[in-house]
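Worksheet: the structure to be examined is printed underneath.
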There are 2 protein chains.
Amino acid sequence: MGSRLETNVAYIAGFLDGDGSLMLQIKKRCDNGRPRFMATICFYQDTHHDKSLFWIKDILGIGYISKRNDGMTELRINGFKQIEKILKMLLPYIRFKKVQASTLLKAVSLLQRKKLVTNDYKKLVDYMLTIQSENYSTKKKRTKYELLKVLGLTP
Amino acid sequence: MGSRLETNVAYIAGFLDGDGSLMLQIKKRCDNGRPRFMATICFYQDTHHDKSLFWIKDILGIGYISKRNDGMTELRINGFKQIEKILKMLLPYIRFKKVQASTLLKAVSLLQRKKLVTNDYKKLVDYMLTIQSENYSTKKKRTKYELLKVLGLTP
């Protein structure tokens with residue numbers, strides 16, 4: 001890896017550790033279909049200074065930027081394959097969200113398999129619990145039972 | 001600069017751009033003496049994840065860590081000479097707080113002179129205004145007139 005790219009990637013890892021999030025969520029479908037998993041890497045910055053997010057988007061070559069109505073701008077990266085690529089690049093430089101990052105990486109590799117069995121879903125629930133226990137959040141967290149229930153995996 | 005140190009410094013620059021502050025303030029003295037200038041570099045993290053701040057402190061070899069009572073921990077670096085050293089190191093990698101960083105660097109070099117004349121104080125006020133116009137803050141900002149007044153430089 002060239003030195004300039006390497007310092008850019010280290011910089012982005014620092015930015016993510018300082019003020020970003022790594023998320024793995026279950027989204028219910030409107031049509032009562034099987035719930036789907038959503039993986040997200042998100043960078044935030046107040047809208048007055050959101051140039052940084054456009055630069056990160058350019059360097060990573062991926063993501064969507066949106067202005068929230070609370071004065072913040074988000075750069076959001078979704079998609080299992082894209083997240084896998086970005087995490088593999090950032091992981092050597094991430095220091096403090098290492099557990100979340102490596103767990104999310106395991107999840108997105110699993111989620112790219114053609115067919116998932118019950119055991120895979122149970123693994124994904126464990127990954128979600130690991131990631132959410134590392135994330136600091138004011139929102140109420142779902143319990144393992146609640147997550148399994150959404151997936152129809154309770155006894 | 002060795003590659004490991006270089007990526008560490010780029011990482012810290014990213015962390016600062018994501019969630020840090022650069023400040024130049026005037027502090028009134030209790031004893032009615034001449035107000036003094038204070039330069040600060042500050043890194044924040046919620047207290048649950050403040051390991052990052054201890055690591056940054058170790059790498060930079062400087063700073064004070066304190067827990068605030070709102071669940072946040074701060075790493076605070078003060079001192080003109082120390083700030084000058086740190087900013088010179090970080091500046092090549094800082095991307096979005098570059099104006100604040102280079103202005104604060106000019107201020108701390110000036111503040112290390114043995115004797116400051118009126119014109120220097122006026123320059124410092126301009127540096128403060130530049131830095132505060134770049135910083136996003138919910139606090140009311142002081143005007144140029146108010147700053148000059150604190151320093152006894154109004155006509």
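Just so we're on the same page: first chain in the structure tokens is A, next is B, and so on; residues restart at 1 for each chain, and ligands are numbered from 1 in the order they show up.
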
Quick one: contact table of chain B to chain A, 10 Å max, nearest atom pair and distance in Å to one decimal per residue, counting only C-alpha atoms, chain and number order, as JSON lines?
```
{"residue": "B:Ser3", "atom": "CA", "partner": "A:Ser3", "partner_atom": "CA", "distance": 7.9}
{"residue": "B:Arg4", "atom": "CA", "partner": "A:Thr7", "partner_atom": "CA", "distance": 9.8}
{"residue": "B:Glu6", "atom": "CA", "partner": "A:Thr7", "partner_atom": "CA", "distance": 7.1}
{"residue": "B:Thr7", "atom": "CA", "partner": "A:Thr7", "partner_atom": "CA", "distance": 5.2}
{"residue": "B:Asn8", "atom": "CA", "partner": "A:Ala10", "partner_atom": "CA", "distance": 7.3}
{"residue": "B:Val9", "atom": "CA", "partner": "A:Tyr11", "partner_atom": "CA", "distance": 8.3}
{"residue": "B:Ala10", "atom": "CA", "partner": "A:Tyr11", "partner_atom": "CA", "distance": 4.8}
{"residue": "B:Tyr11", "atom": "CA", "partner": "A:Tyr11", "partner_atom": "CA", "distance": 4.2}
{"residue": "B:Ile12", "atom": "CA", "partner": "A:Gly14", "partner_atom": "CA", "distance": 6.0}
{"residue": "B:Ala13", "atom": "CA", "partner": "A:Tyr11", "partner_atom": "CA", "distance": 6.4}
{"residue": "B:Gly14", "atom": "CA", "partner": "A:Tyr11", "partner_atom": "CA", "distance": 4.3}
{"residue": "B:Phe15", "atom": "CA", "partner": "A:Gly14", "partner_atom": "CA", "distance": 4.4}
{"residue": "B:Leu16", "atom": "CA", "partner": "A:Phe15", "partner_atom": "CA", "distance": 7.4}
{"residue": "B:Asp17", "atom": "CA", "partner": "A:Phe15", "partner_atom": "CA", "distance": 6.7}
{"residue": "B:Gly18", "atom": "CA", "partner": "A:Phe15", "partner_atom": "CA", "distance": 4.8}
{"residue": "B:Asp19", "atom": "CA", "partner": "A:Gly18", "partner_atom": "CA", "distance": 5.6}
{"residue": "B:Gly20", "atom": "CA", "partner": "A:Gly18", "partner_atom": "CA", "distance": 8.3}
{"residue": "B:Phe43", "atom": "CA", "partner": "A:Gly18", "partner_atom": "CA", "distance": 8.7}
{"residue": "B:Tyr44", "atom": "CA", "partner": "A:Gly18", "partner_atom": "CA", "distance": 7.9}
{"residue": "B:Gln45", "atom": "CA", "partner": "A:Gly18", "partner_atom": "CA", "distance": 7.1}
{"residue": "B:Asp46", "atom": "CA", "partner": "A:Tyr136", "partner_atom": "CA", "distance": 7.9}
{"residue": "B:Thr47", "atom": "CA", "partner": "A:Tyr136", "partner_atom": "CA", "distance": 9.6}
{"residue": "B:His48", "atom": "CA", "partner": "A:Tyr136", "partner_atom": "CA", "distance": 7.4}
{"residue": "B:His49", "atom": "CA", "partner": "A:Phe96", "partner_atom": "CA", "distance": 7.6}
{"residue": "B:Asp50", "atom": "CA", "partner": "A:Phe96", "partner_atom": "CA", "distance": 9.0}
{"residue": "B:Lys51", "atom": "CA", "partner": "A:Phe96", "partner_atom": "CA", "distance": 7.5}
{"residue": "B:Ser52", "atom": "CA", "partner": "A:Phe96", "partner_atom": "CA", "distance": 6.1}
{"residue": "B:Leu53", "atom": "CA", "partner": "A:Gly18", "partner_atom": "CA", "distance": 9.7}
{"residue": "B:Trp55", "atom": "CA", "partner": "A:Arg95", "partner_atom": "CA", "distance": 9.2}
{"residue": "B:Tyr93", "atom": "CA", "partner": "A:Tyr11", "partner_atom": "CA", "distance": 7.6}
{"residue": "B:Ile94", "atom": "CA", "partner": "A:Tyr11", "partner_atom": "CA", "distance": 8.6}
{"residue": "B:Arg95", "atom": "CA", "partner": "A:Ser52", "partner_atom": "CA", "distance": 7.5}
{"residue": "B:Phe96", "atom": "CA", "partner": "A:Ser52", "partner_atom": "CA", "distance": 6.1}
{"residue": "B:Lys97", "atom": "CA", "partner": "A:His49", "partner_atom": "CA", "distance": 9.0}
{"residue": "B:Glu134", "atom": "CA", "partner": "A:His49", "partner_atom": "CA", "distance": 8.6}
{"residue": "B:Asn135", "atom": "CA", "partner": "A:His49", "partner_atom": "CA", "distance": 9.0}
{"residue": "B:Tyr136", "atom": "CA", "partner": "A:His48", "partner_atom": "CA", "distance": 7.4}
```

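Excluding stretch 112-124 of chain B itself and any same-chain residue fewer than 6 positions from it, the protein and nucleic acid residues within 9 Å of it, counting only C-alpha atoms, are Leu24, Phe37, Phe80, Lys81, Lys106, Leu148, Leu151 and Leu153 of chain B.
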
How would the residues just picked look written out with C-alpha atoms as a JSON list (two decimals), in the first residue's frame?
```json
[["chain", "number", "residue", "atom", "x", "y", "z"],
["B", 24, "LEU", "CA", -7.74, 29.96, 21.91],
["B", 37, "PHE", "CA", -4.29, 33.66, 26.79],
["B", 80, "PHE", "CA", 2.09, 27.13, 24.19],
["B", 81, "LYS", "CA", 5.28, 25.14, 23.66],
["B", 106, "LYS", "CA", 0.64, 31.13, 14.66],
["B", 148, "LEU", "CA", -10.39, 43.99, 22.69],
["B", 151, "LEU", "CA", -7.57, 43.22, 26.93],
["B", 153, "LEU", "CA", -7.40, 47.78, 23.95]]
```

Open item on the list: Considering only strand (DSSP E) as DSSP defines it on the backbone, what residues of chain A qualify? List them as a ChimeraX atom specification.
Closed with: /A:20-27,36-46,64-67,72-78

Open item on the list: Using DSSP secondary structure from the backbone, list all alpha helix (DSSP H) positions within chain A, as a ChimeraX atom specification.
Closed with: /A:3-19,51-60,80-90,98-111,118-134,144-150

Quick one: residues within 8 Å of B:Leu87, only C-alpha atoms counted, chain neighbours fewer than 5 positions away excluded, as a PDB file with N, CA and C atoms, in the first residue's frame?
```pdb
ATOM      1  N   ALA B 101      -6.082  24.893  13.039  1.00  0.00           N
ATOM      2  CA  ALA B 101      -4.779  24.385  13.488  1.00  0.00           C
ATOM      3  C   ALA B 101      -3.653  25.342  13.100  1.00  0.00           C
ATOM      4  N   SER B 102      -3.670  25.848  11.860  1.00  0.00           N
ATOM      5  CA  SER B 102      -2.552  26.709  11.465  1.00  0.00           C
ATOM      6  C   SER B 102      -2.665  28.072  12.150  1.00  0.00           C
ATOM      7  N   LEU B 105      -1.432  27.596  15.659  1.00  0.00           N
ATOM      8  CA  LEU B 105       0.035  27.488  15.614  1.00  0.00           C
ATOM      9  C   LEU B 105       0.673  28.873  15.558  1.00  0.00           C
TER      10      LEU B 105
END
```

- [ ] Take atom CA of A:Leu111 and atom CA of A:Asn78 and report the distance between them in Å, one decimal.
- [x] 12.7 Å

TODO: Would you kindly return, as a PyMOL selection string, each protein, DNA or RNA residue with an atom no farther than 8 Å from any atom of B:Thr40, considering only C-alpha atoms and excluding same-chain residues fewer than 5 positions away?
DONE: chain B and resi 21-24+76-79+83

Would you write out those residues with N, CA and C atoms, as a PDB file, in the first residue's frame?
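Listed below is the output, selection_34.pdb:
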```pdb
ATOM      1  N   SER B  21     -11.334  19.452  19.511  1.00  0.00           N
ATOM      2  CA  SER B  21     -11.398  20.907  19.345  1.00  0.00           C
ATOM      3  C   SER B  21     -10.051  21.567  19.518  1.00  0.00           C
ATOM      4  N   LEU B  22      -9.946  22.692  18.865  1.00  0.00           N
ATOM      5  CA  LEU B  22      -8.783  23.565  18.979  1.00  0.00           C
ATOM      6  C   LEU B  22      -9.308  24.899  19.469  1.00  0.00           C
ATOM      7  N   MET B  23      -8.749  25.385  20.566  1.00  0.00           N
ATOM      8  CA  MET B  23      -9.302  26.607  21.158  1.00  0.00           C
ATOM      9  C   MET B  23      -8.220  27.608  21.526  1.00  0.00           C
ATOM     10  N   LEU B  24      -8.586  28.872  21.410  1.00  0.00           N
ATOM     11  CA  LEU B  24      -7.742  29.960  21.909  1.00  0.00           C
ATOM     12  C   LEU B  24      -8.677  30.876  22.686  1.00  0.00           C
ATOM     13  N   ARG B  76      -6.929  16.820  27.464  1.00  0.00           N
ATOM     14  CA  ARG B  76      -6.738  18.244  27.260  1.00  0.00           C
ATOM     15  C   ARG B  76      -5.234  18.542  27.221  1.00  0.00           C
ATOM     16  N   ILE B  77      -4.799  19.240  26.203  1.00  0.00           N
ATOM     17  CA  ILE B  77      -3.392  19.625  26.097  1.00  0.00           C
ATOM     18  C   ILE B  77      -3.309  21.139  26.140  1.00  0.00           C
ATOM     19  N   ASN B  78      -2.542  21.647  27.082  1.00  0.00           N
ATOM     20  CA  ASN B  78      -2.348  23.102  27.205  1.00  0.00           C
ATOM     21  C   ASN B  78      -0.860  23.406  27.149  1.00  0.00           C
ATOM     22  N   GLY B  79      -0.559  24.672  27.141  1.00  0.00           N
ATOM     23  CA  GLY B  79       0.863  25.078  27.139  1.00  0.00           C
ATOM     24  C   GLY B  79       1.279  25.432  25.729  1.00  0.00           C
ATOM     25  N   ILE B  83       1.682  22.769  22.689  1.00  0.00           N
ATOM     26  CA  ILE B  83       0.713  22.847  21.588  1.00  0.00           C
ATOM     27  C   ILE B  83       1.455  23.049  20.273  1.00  0.00           C
TER      28      ILE B  83
END
```
